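Data first, discussion second: the structure below is written as structure tokens.
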Amino acid sequence: MLESIPGAIQLGLLYAFMSLGVYITYRILDFPDLTVDGSFTTGAAIAAVMITHGYSPWISTVCAFLGGLAAGAVTGLLHTKGKINALLSGILMMIALYSINLRISKVPNVPLINEDTVFTSVSPWFLMPVAVIVIKLLLDAFFHTDLGLSLRATGDNPRMIRSFGAHTDNTKIIGVSLSNGLVALSGAFVAQQQGYSDQSMGIGMIVIGLAAVIIGEAIIGGRRIFWATLSAVVGMIVYRIIIALALQVPWFKASDLKVITAVIVIFALVVPTIQRSWKQKNAARRRAAELAGAMTGKTGGGR
């Protein structure tokens, strides 16, 4: 069973960019962005098609990132300029990307067998940790700039930010765009690692990203941006390890992956709520006992 853990860690690093992207929309912008399910496939499709047409895998990966940026920007524009609900904007873009991705790849599945990828010359065990650390530190630095601080504050209190003269529409567009760029980057790496791009590989990615963010916050917390981005990365690795271990259980099948993911998310969401409720009840009982003790003492002193 433990033999599957190294592979799970490697997968966690490949999907870490996706969890960082989901963290930006879900935690920073408070934006329920379902574009993720489409932009993940967009990144994979762009990288796979460009590689099969002879382009450098590194350039193909950068173009996949740019494709994700564009998809996210459209979602942001639909929401801010088109005044469409955030959830509906993401759903509309996700649906549109299904057809766009088919236009890009022309076929549902693009194999990368015998093609040079970024992992041909560099081992995934070296490339992915370095890439994840670099992107994470760049994100941390960005969130400490004026634009990054405006983006963070937009999710907390957009009215206050507007009163300071910041344009929240622009910060939302930039945030959603950056998020989907990272998701597409993850899709490009995953496609090159598994050796193909598939039209259905993005289905359920938003749930996986949410699971990683929630698990990471439960383990590390996220009061400061450094720990928050780190928790998204660690959460994805832990999620992949949990999935790998769960699939080793004899009565679980590979087709149960989505159910396991849903159960993990439910568990991660419900347990902290139960813990908070239990602590509040205990605190209320203690206060009631202290108050009763104080009242008893006063009554006894009066006698």
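Convention: chains lettered A, B, ... in structure tokens order; per-chain residue numbering from 1; ligands numbered from 1 as shown.
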For range 9-12 of chain A, list every protein, DNA or RNA residue within 8 Å, evaluated using only C-alpha atoms, and leave out those in the same chain fewer than 6 positions away; present the list as a PyMOL selection string.
-> chain A and resi 124-125+128+233+236-241
Mind listing the alpha helix (DSSP H) residues of range 61-170 of chain A, per DSSP on the backbone, as an MDAnalysis selection string?
-> chainID A and resid 61:80 86:105 118:121 124:143 146:156 158:163 168:170
Go through range 2-69 of chain A residue by residue and, counting only C-alpha atoms, keep those with an atom at most 7 Å from range 183-202 of chain A; for each kept residue give the shortest atom pair and its distance in Å to one decimal, ordered by chain and increasing number, as a Markdown table.
```
| residue | atom | partner | partner_atom | distance |
| --- | --- | --- | --- | --- |
| A:Leu14 | CA | A:Val190 | CA | 6.0 |
| A:Tyr15 | CA | A:Ser186 | CA | 5.5 |
| A:Phe17 | CA | A:Ser186 | CA | 5.3 |
| A:Met18 | CA | A:Val183 | CA | 4.2 |
| A:Gly21 | CA | A:Val183 | CA | 5.7 |
| A:Val36 | CA | A:Val183 | CA | 6.6 |
| A:Asp37 | CA | A:Gly202 | CA | 4.6 |
| A:Gly38 | CA | A:Gly202 | CA | 6.0 |
| A:Ser39 | CA | A:Ala184 | CA | 5.4 |
| A:Phe40 | CA | A:Ala184 | CA | 4.5 |
| A:Thr41 | CA | A:Gly202 | CA | 5.1 |
| A:Thr42 | CA | A:Ala184 | CA | 6.2 |
| A:Gly43 | CA | A:Ala184 | CA | 3.9 |
| A:Ala44 | CA | A:Ala188 | CA | 4.1 |
| A:Ala45 | CA | A:Ser197 | CA | 5.8 |
| A:Ala47 | CA | A:Ala188 | CA | 5.5 |
| A:Ala48 | CA | A:Ser197 | CA | 6.1 |
| A:Thr61 | CA | A:Ala188 | CA | 5.9 |
| A:Ala64 | CA | A:Ala184 | CA | 5.9 |
| A:Phe65 | CA | A:Leu185 | CA | 4.8 |
| A:Gly68 | CA | A:Ala184 | CA | 4.9 |
```
Might you pull out every residue within 12 Å of Phe126 in chain A, with only C-alpha atoms counted and same-chain residues fewer than 5 positions away left off, and present them as a list in words?
->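 Residues near the query, excluding close chain neighbours: Gln10, Leu13, Leu14, Val118, Phe119, Ser121, Ala131, Val132 and Ile133 of chain A.
Every protein or nucleic acid residue with an atom no more than 9 Å from Met50 in chain A, counting only C-alpha atoms and leaving out same-chain residues fewer than 5 positions away, appears here: Ala45, Tyr55, Ser56, Pro57, Ile59, Ser60, Thr61 and Cys63 of chain A.
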Do a neighbour search on range 143-158 of chain A at 10 Å with only C-alpha atoms, toss out local chain neighbours closer than 5 positions, and write the hits as a short mmCIF file (atom, residue, chain, number, x, y, z; two decimals) with C-alpha atoms, in the first residue's frame.
```cif
data_model
loop_
_atom_site.label_atom_id
_atom_site.label_comp_id
_atom_site.auth_asym_id
_atom_site.auth_seq_id
_atom_site.Cartn_x
_atom_site.Cartn_y
_atom_site.Cartn_z
CA ILE A 24 -7.27 32.51 -5.43
CA THR A 25 -10.92 32.42 -6.51
CA TYR A 26 -12.40 30.44 -3.61
CA ARG A 27 -10.59 32.01 -0.65
CA ILE A 28 -9.25 35.36 -1.83
CA LEU A 29 -11.95 36.57 -4.22
CA ASP A 30 -14.87 34.56 -2.78
CA PHE A 31 -15.73 33.76 -6.40
CA LEU A 137 7.01 32.33 -4.01
CA LEU A 138 6.11 34.49 -7.03
CA SER A 163 -14.08 53.91 -1.49
CA PHE A 164 -10.27 54.02 -1.61
CA ALA A 166 -9.46 50.95 -6.40
CA HIS A 167 -11.29 49.45 -9.38
CA THR A 168 -12.68 46.15 -8.10
CA ASP A 169 -13.79 45.03 -11.57
CA ASN A 170 -10.17 45.04 -12.72
CA THR A 171 -8.94 43.19 -9.63
CA LYS A 172 -11.62 40.52 -10.07
CA ILE A 173 -10.75 40.05 -13.75
CA ILE A 174 -7.04 39.80 -12.91
CA GLY A 175 -7.69 37.37 -10.08
CA ILE A 225 -0.43 34.50 2.64
CA PHE A 226 2.78 32.44 2.86
#
```
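Shortest atom-to-atom contact with Ile203 in chain A among A:Ile95, A:Ser179, A:Leu127, A:Leu247: A:Ile95, counting only C-alpha atoms.
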Give me every strand (DSSP E or B) residue in range 64-240 of chain A, going by DSSP on the backbone, as a PyMOL selection string.
-> chain A and resi 109-111+196-198
